[in-house]
Amino acid sequence: TQADTVEGYQYEPQAGVTVEPKLVLFGLSMAENGYNNGESRSRANIRNCGAMVIIRMPDNSLFINDGGDLEQWNDEACDNLLAFCRELTGTSEGEKMVINTWFLSHAHRDHYRGFYRFFNKYHEHFDLKNVMYTIDKERSGTNFDITGLLKLMRTNYPDVRYYKPHTGETVNIAGVEVDILYTLEDRFIPNSSKKLIIDTDNQGGTYRDGMYKNE
C-alpha cells in the first residue's frame with residue numbers, strides 16, 4: 001500500500017521504437033493434472049482455470065495482466081512463455097525485454113501464482129518498470145503468498161514502482177490510455193463498525209476470512 005496519486009504512475013516509452021499494438025490471450029492449460037469437465041469442481045485438480053493477457057504496446061514493451069495458477073506452470077510452460085515473449089517483441093537471446101506494467105487484477109491465486117513461478121525462473125530476461133494491483137484488504141489476508149510475490153518483485157527489481165488504481169482514473173502507458181472502470185474496492189463499503197460490507201444488488205453481508213456471511 002502507498003499514497004501515490006495516479007500522476008505518480010510513470011513510464012518512459014522506449015525511444016525510437018514503434019510497432020503495431022497487439023493483444024494476446026495466452027493459453028495456460030498446460031498441466032497434466034488439469035480440470036476435467038466431467039469431474040466434480042470440488043476436486044483438487046481444477047487449476048487449469050487461470051487467465052493471462054499480454055499486450056504489446058507501441059514501443060514494443062509488454063503490459064501483462066495476471067498470470068495463471070501455480071499448477072499450470074511447469075518448466076515447459078515457463079520456457080514456452082519466454083519464447084513467446086521473444087517472438088512477440090522480436091527480441092534476441094541475451095537482450096532484455098521491457099515489461100512496462102504487470103497488472104494484478106485480484107488476489108485469487110489462479111491469477112498470479114503461476115507468474116510467480118515464471119518470474120522466479122526468468123526474471124533476469126526482463127526489465128520490470130511498474131506493478132499495478134487491486135487487492136482488497138479483507139481478501140488479501142487469505143492469500144498467504146501474495147506478499148512473497150511482491151517480495152520477489154522488490155528483490156529483483158528494486159526500482160519498480162507500485163500503484164493501486166482507483167475507479168475513474170486514466171493511465172497513459174506508451175501512448176495507450178487505460179481507463180480504470182471498476183476496482184475491487186467498489187464492492188465494499190464500511191458499516192458503523194468499520195467492517196467492510198458487500199454493496200451489490202443481489203447479496204448482502206460481510207466478507208470475512210474468505211467467506212460471505214449474511215447479516
# chains A, B, ... in the order shown; residues from 1 in each chain; ligands from 1

call {"tool": "select_by_dssp", "arguments": {"residues": "range 36-170 of chain A", "states": "strand (DSSP E)", "output": "list in words"}}
result
Met52, Val53, Ile54, Ile55, Arg56, Leu62, Phe63, Ile64, Asn65, Asp66, Met97, Val98, Ile99, Asn100, Thr101, Trp102, Phe103, Leu104, Phe126, Asp127, Leu128, Asn130, Val131, Met132, Tyr133, Arg161, Tyr162, Tyr163 and Thr170 of chain A

call {"tool": "residues_around", "arguments": {"residues": "range 57-65 of chain A", "least_positions_apart": "5", "cutoff": "12 Å", "atoms": "only C-alpha atoms", "output": "ChimeraX atom specification"}}
result
/A:11-26,50-52,81,84-91,96-106,111-112,115,126-134,172-178

call {"tool": "atom_distance", "arguments": {"atom1": "CA of Pro158 in chain A", "atom2": "CA of Ile54 in chain A"}}
result
23.2 Å

call {"tool": "atom_distance", "arguments": {"atom1": "CA of Glu185 in chain A", "atom2": "CA of Leu70 in chain A"}}
result
25.9 Å

call {"tool": "closest_residue", "arguments": {"among": "A:Glu124, A:Asn74, A:Gly67, A:Leu150", "to": "Arg109 in chain A", "atoms": "only C-alpha atoms"}}
result
A:Gly67

call {"tool": "atom_distance", "arguments": {"atom1": "CA of Lys151 in chain A", "atom2": "CA of Asp79 in chain A"}}
result
22.9 Å

call {"tool": "select_by_dssp", "arguments": {"residues": "range 56-161 of chain A", "states": "helix (DSSP H, G or I)", "output": "PyMOL selection string"}}
result
chain A and resi 70-72+75-89+109-111+113-125+137-140+146-156

call {"tool": "closest_residue", "arguments": {"among": "A:Tyr9, A:Ala107, A:Tyr116, A:Gly94", "to": "Val160 in chain A", "atoms": "only C-alpha atoms"}}
result
A:Tyr9
